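Beneath this line is the structure, given in structure tokens, with notes to follow.
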Amino acid sequence: MSLLQIKDLSLSIHGIEILRRVNLTIAPGEIVAVTGESGSGKSMTALAVMQLMPNGSTATGSILLDGEEVLDLPEDRMCQLRGASVGMVFQEPMTALNPVKTIGDQVMETILIHRAMPRDKAEERAREVLARVGLPPERYPLGRYPHELSGGQRQRVVIAMAIALRPRLLIADEPTTALDVTTQAQIFDLIKGLVREYGMGMLMITHDLAVVADMADHIAVMRHGEVVETAPTRQLLTGMTHPYTKMLFAASEHQVTLPESGSQVPLLAVANVVRDYPLPRTSLFARPGQHRAVDHVSFTLHQGERLGLVGESGCGKSTLTRAILGLQPVQAGHILLDGQPVYTGNKANLAVRRKMQVVFQDPYGSFNPRHRVDRLVTEPFHLLEHPPVGSERRDRIAEMLTAVGLSPDDSGKYIHEFSGGQRQRIAIARALIIRPQLILFDEAVSALDVSVRAQILDLLADLCATYDLTYLFISHDLSVVRTITDRVMVMQAGRIVEQGETEQVFSDPQHPYTEALIAAAPKLPHRRPMNAR
Amino acid sequence: MSRNLILGAGLSSLVVLAALLSFVWTPYDYAALNIPAKLQTPNAQHWFGTDHFGRDMFSMIMVGARTSIAVALLAVGIGMSLGVPLGLAAAARKGSWLDELIMRGNDLVFAFPSLVIAILITAVFGAGAVNAIIAIGIFNIPVFARITRGAALSLWEREFIMAARVAGKGAARISAEHILPNVANLLIVQGTIQFSLGILAEAGLSYVGLGAQPPTPSWGRMLADAQTMVSFAPHLALIPGFAIILTVLGLNLMGDGLRDWLDPRIRVARS
Amino acid sequence: MLRYSLKRALSLLISLAVASLVIFAVIEIAPGDPASFMLGVNAQPDTLAALRTELGLDQSKAERYVSWITGMLRGDFGTSYTYRTPVSQMIADRMWVSLPLALYALALSTAIAFPAGIYAASRRGNVGDLTVMSATQLGVAIPNFWFAMMLVLVFAINLRWFNAGGFSGWDKGLVAGLHSLTLPAIALALPQAAILARVMRSALLDILGEDFMRTARAKGLSRRQALWRHGLRNALIPVLTIIGLQFSFLLAGSIIIEQVFYLPGLGRLVFQSISSRDLIVVESVVMLLVFAVITVNFLVDLAYAAVDPRLRSRT
Amino acid sequence: KDDITFAMQLEPPHLDPTSAAAQAIDSVVYVNIFEGLTRFMGDGSIVPALAESWEISGDGTVYTFKLHEGVTFHDGSAMDAEDVKFSLDRARAEDSVNAQKALFAGIDSVDVVDPLTVKVTLKEPNGNFLFNMAWGDAVIVAPESIENIKTAPVGTGPYTLGEWVQGDKIVLNRNPGYWGAQPALAKATFKFISDPTAAFAAMMAEDVDVSANFPAPENLPQFEVDPRFTVTVGSSEGETILSTNNKQPPFDNIKVRQAIAHAIDRQAIIDGAMFGYGTPIGTHFAPHHPAYVDLTGLSAYDPEMAKALLAEAGFPDGFETTLHLPPPSYARRGGEIVAAQLAQVGIKAEIINVEWAQWLETVFKGKNFGLTIVSHTEPMDIGIYARPEYYFQYDNPAFQELMTTLNSTTDPDKRTELLQQAQRIISEDYVNGFLFQLAWPTVAKAGVQGLWANAPTAATDLSAISWSE
Ligand SMILES: Nc1ncnc2c1ncn2[C@@H]1O[C@H](COP(=O)(O)OP(=O)(O)OP(=O)(O)O)[C@@H](O)[C@H]1O
Ligand SMILES: Nc1ncnc2c1ncn2[C@@H]1O[C@H](COP(=O)(O)OP(=O)(O)OP(=O)(O)O)[C@@H](O)[C@H]1O
Ligand SMILES: [Mg+2]
Ligand SMILES: [Mg+2]
């Protein structure tokens, strides 16, 4: 008998249809992965099972949990089930824990709320599960507060809470999106181990197809609130039928071909750069300590070259970007663009800045919501001595919008009228409009859905051909860096530990950190092309 | 638009209309004494009755609205015109001595019991509307400085600010071009609330005799004048009291409504 | 934690020093001579001069500031010009009215606001929420002195349940004392309660949207359990700020209420001494109030740390 | 019932009547704690107090007082001629801070004849001397108690200080060792309630038994119809006047002052500000005084005439000036009415509300004002018009001459005539706008007897008061 059986589940919020006739089955010991683009209804499906939908939701159809109809259960019965029979792990470990309660209390609460055992036993059990998820109480006492743990450790606490009573069903909604690849790999190992060990059924939500392929026994692909295709993993990977599924997989291993670039003219020279952040004072009179975010970094970027920079979150990538842009002073070393320092005196050298532009990660945060597109894309004109005006300005805007695949008519719109992918195109238009010699991409595609990401990568490759771009592409996503750069640098804790030709580094990493990074990154199993079958 | 916003805007505009109308028309001359006709309860000739000097209460309430609005509005103006630039500057130079100075200055103003200082200020420079405005205005400065700084700080973390910096724009220009328009909503909402607090403060100061001086009518002073007479002429206290309550209520409702209406998070969810 | 407190304490001292200068300066430029006020219209010039010497008013401003400050550091607040008694004694007497009144009002407003705010938050959008919120809107809009007038009219003059004002003194017993502070405390507390209830409600609603509340529900806590166990303590942080602000407001802002109920409290003392130009009393009381406000805010900051462990580890 | 509670508007700053002007001090201590050689009675007459009797020399310059026997201070020490000499010498000393030093200015010497006899020699005859000695500023104090007199007053009166809760109340207890007849009340409490509303509420709620000089005339009708209370409306010594800065243009022009006098409708002010309580006056003199002449006709309400006078004076369109108003409601409310009435004839008076300290500084000392409203509550104070430096700056040598003559005149008929002449001069000169004599309303619980109906001086004569059965 199946553990969870969702039949024809439809859900609407305030009359807006969110889910349409979703069907899904999970057997004990089985991992079912739900995947699909952002907004496709993955989280809503999970919340419906928990009956924790937002206010104003109405659900029809049937959700059978262990033979019980969840949609008909009274709230108090649902409370008995949550935590005891169904555990859930959420995406954001930073906010999923109550900041003012100790981790011990929070894990014990799951046990105590269901009166599963007396307090002392519960405490013992809490230690046990925390140890099981890799937080041995000797090193991580129960009295710690969430803010005293790293993101990965917090996620372990959330998992411990979810499995404390050995629920029969575990739901994990993007449990690793906020974590590093290496941490992500550890968490997945942990979850897989637990599911096997306890014989739990698991509903796993992720948009990362590589993860899906690696972990799940069964895959369901969602789009616009519908399950478009569902099949056992192996079967789906080899014989996917729905065009959307195909598109999704194709996009996630999308490769682009960069035009050749052969120049050996150095453009950007970074030599021995050090950037320290002052730590908060530890005592009133002591000198404040220093945190070294960039540690003696040196490299050269040649004209027409596409350089990648990879590394875990917090290793100093963005700090280096800001230093190159001359937004912040450096404590040692120097950065020259075209032979000119980017930072002179105590302010940025705007004459040099004119030759650089940047594209940021967050397509939603990088535009002033109150300005129209024409004003947004022309903001870098401020750097020019004689910014174009009138029809010349209009032409430039039109040219740029066309170049990034938008229409010149879009120039009168506000940013909220665009999708995430379109916004990123506008960001690229903004970077290109003053024809900079160098563009910095700081995680420019990380926030995008795979299909959109593929389009943006294509766009970049096209632009390389038309505008002969030179760029520094920063990302934690190895597969992207691999396809979009000629050369790559690997950064760890502020240092460049390895650099070389991209293919070379990826196929034959020299530094153990690079090796670990590549090993931890989930990969889609190599598939035979469909038509070759 | 929410019910709150409509109700609040309705009440507030009623008061503002009454105030504006009073410039061109009041049923009677608000300053004309008619002692034989004193202490009339509301009737057909005098809709709100007459006061202890036989003045028409309705006319006084209308002109009193003008006083309240003028004092509160100017006090908010002082608070905004000084507080907002200070807040913007503090946020732009976060962590610097300037920021520290501004924030400590704010704390200092907050540390003073406002009414005592208002009384002191008026004791030093004399009672009157102008000094009431200054006294109330001073305490508005840190409110706006703080709220502006808070909102501006989170904006400075946003990538579009980084983009503007990359475009070579300086802190002042970014503050004016990007930060200010994006905190404007917040300031409008807070401004409405401070406005209503200003009305209350003006009433309080006038009540203790430190607001606008006679013969300019003021709701607070009408209440003070009425105090000994409530037991036999309750309308003298009830009418100005209700005027204050309704105005403050209207502004608060409008502030709440505006907050909901202007909050993009809520607006997006609604559309 | 210690460092955090130390740092806060240092900025507290600086604030106090600046505040004392401001107070002294403002009060010094106030027109009006205490000596001529005391002697009245028929005072002779030589009489005035004699009194000015006696009061120490002939010293320079700097001398007076220094002696005021050093005196206060020693706990000597000087001698009132008009009453000729030690200011510290007067303050101590008045404190026994103002402080209990402020605490009483604070207790009342918390006792009303917490349940109201929690009730409204937990019934968000329902009739109950709407009723409570409408009541608080009204409460915020009512000027407290007007409310006090109405209370006196109804409960003292017409119903005669309470005295119209005045303070019975604590020597008549706690009940009598509290009884005579009840109307003033209500007048002070209700508008404050309205504000506090609104803050409580919105803080709770903010918290209800947090991820960890969903986590708590996923553990099997009911809506109400989640609210009590996880919501309340987190919501306390903004609520504490308001309580801190309110306490200083209650202590100082009760001037008008003390006036309406003719309570011999600090607020009335300030008012009286301003009008009689008893500069030393004004200076000392205002300074004390500033000290109280700053200290209460300091305590609130420390209370944050007790509520929020994240602050404890910060320097 | 042998205790009583009074509501008092003002709290005494301290309890030494000989070193401050505050009437509030006298209201508590006069003839209760401290006594003088003579004293006021409720009808304004002067009777012997600590002085049993006296003799006046033929030329009117030597007063020989015979003191009562067996009088002791509250500390038990005997009151004798030495104490009288000490008290008078202290009051007129160089460094004295006595607020009414002028009362003693005419004393040439004070000599002890024997323990119960004291001789006071004047520089010149003074018809007012016995009156002067009745003032609260002339009470007899004990030398050894001077140090703490402000907080621990030691006098000879029928009551001793029980308790003083500053800002709240003063309690007096009966003095069992009093030399005179024992008073009926064992204990009296003075509660300080400055706010008129609070006074009304306290009275209505029966928190207090008596409120003399009840501050809210508008509430008197309510007490009158309430059987729980009795209301008496007596007269006070307070001439309420629109003081005018006689040195400041345009007020240096008598036509302007006359215009103002005719622009004012006294009855409207009495009705509007005092709710009908108060007596119109046409000069600076108390209407209940035998020497009073009714001169209100000289300044009858006639706005047309006022306008004409202004035009004559060269101000056909009026002028602008200031009107400083101290806190009491007679001034604040009266001022609003006066300003409105002046506006009718084209004079724009800007109202400036001030506190007493500011009033003293700006108006009284600084003479920086145009108009102000104030009630002069000292008894028999027409003499201020002979002081050119006095704040309204009226400088008329003829009048000053007249006052000098008056001071050295002891014959009652002659004095009356001189006084009437004086009243006429200032009225015809329109020195100030003479508005009304303040009423002295007293609200008491039914059953309280012996309260002074009028207020010839600030006092609460407790020994006269008792409860009826
Ligand atoms: N509280 C809410 N009120 C109204 N609509 C909502 C709410 N939460 C989510 N939605 C809508 O429901 C749809 C499905 O959302 P859901 O969170 O399930 O997507 P998802 O597949 O989990 O996406 P992601 O990968 O971004 O998490 C979206 O269109 C979203 O806008
Ligand atoms: N303004 C700052 N003040 C102090 N420390 C900072 C500041 N900005 C960054 N850091 C610290 O410097 C280190 C490097 O940060 P940086 O933002 O460069 O990392 P990153 O590699 O871009 O990470 P991510 O992939 O998460 O964007 C981190 O430890 C971060 O905490
Ligand atoms: Mg989701
Ligand atoms: Mg980064």
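Each chain of the structure tokens is named A, B, ... in the order shown, its residues numbered from 1; ligands are numbered from 1 in display order.
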
Residues at most 9 Å from ligand 3, using only C-alpha atoms and all ligand atoms? Could they come as a list in words?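 Here is the list of contacting residues: Ser38, Gly39, Ser40, Gly41, Lys42, Ser43, Met44, Gln91, Asp173, Glu174, Ile205, Thr206 and His207 of chain A.
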
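Within 8 Å of chain B, and counting only C-alpha atoms, chain D contributes D:Pro196, D:Thr197, D:Phe200, D:Ala216, D:Glu218, D:Asn219, D:Ala268, D:Asp271, D:Gly272, D:Glu336, D:Ile337, D:Ala340, D:Ile351, D:Ile352, D:Asn353, D:Val354.
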
Check every residue of chain D for an atom within 6 Å of chain C, counting only C-alpha atoms, and provide those that qualify as number ranges by chain. D: 13-14, 20-21, 97, 99, 167-168, 201-202, 205, 357-358, 361

So which residues are near ligand 4, meaning at most 8 Å away with only C-alpha atoms and all ligand atoms counted, given back as a VMD selection string? chain A and resid 313 to 314 316 to 319 442 to 443

Please extract the residues at most 10 Å from ligand 1, counting only C-alpha atoms and all ligand atoms, and provide them as a PyMOL selection string, using the chain letters and residue numbers of this document. (chain A and resi 11-19+34-48+53-57+91+173-174+177+205-208+222-225+449) or (chain B and resi 268-270) or (chain C and resi 209)

Please, which residues of chain C lie no more than 7 Å from chain B when the count uses only C-alpha atoms, and can they be set out as a PyMOL selection string? chain C and resi 15+29-31+137-138+141-143+146+153+249+252-253+289-290+293-294

Please identify every residue of chain B that has at least one atom no farther than 12 Å from an atom of ligand 2, counting only C-alpha atoms and all ligand atoms, and for each give the shortest atom pair and the distance in Å to one decimal, arranged by chain then increasing number, as a tab-separated table.
```
residue	atom	partner	partner_atom_place_in_ligand_line	distance
B:Lys94	CA	ligand 2	1 (N)	10.7
B:Gly95	CA	ligand 2	1 (N)	10.9
B:Trp156	CA	ligand 2	1 (N)	11.4
B:Glu157	CA	ligand 2	1 (N)	9.6
```

From the list B:Arg146, B:Arg66, B:His46, B:His178, which residue is nearest chain A when using only C-alpha atoms?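 Selected residue with least distance to chain A: B:His178.
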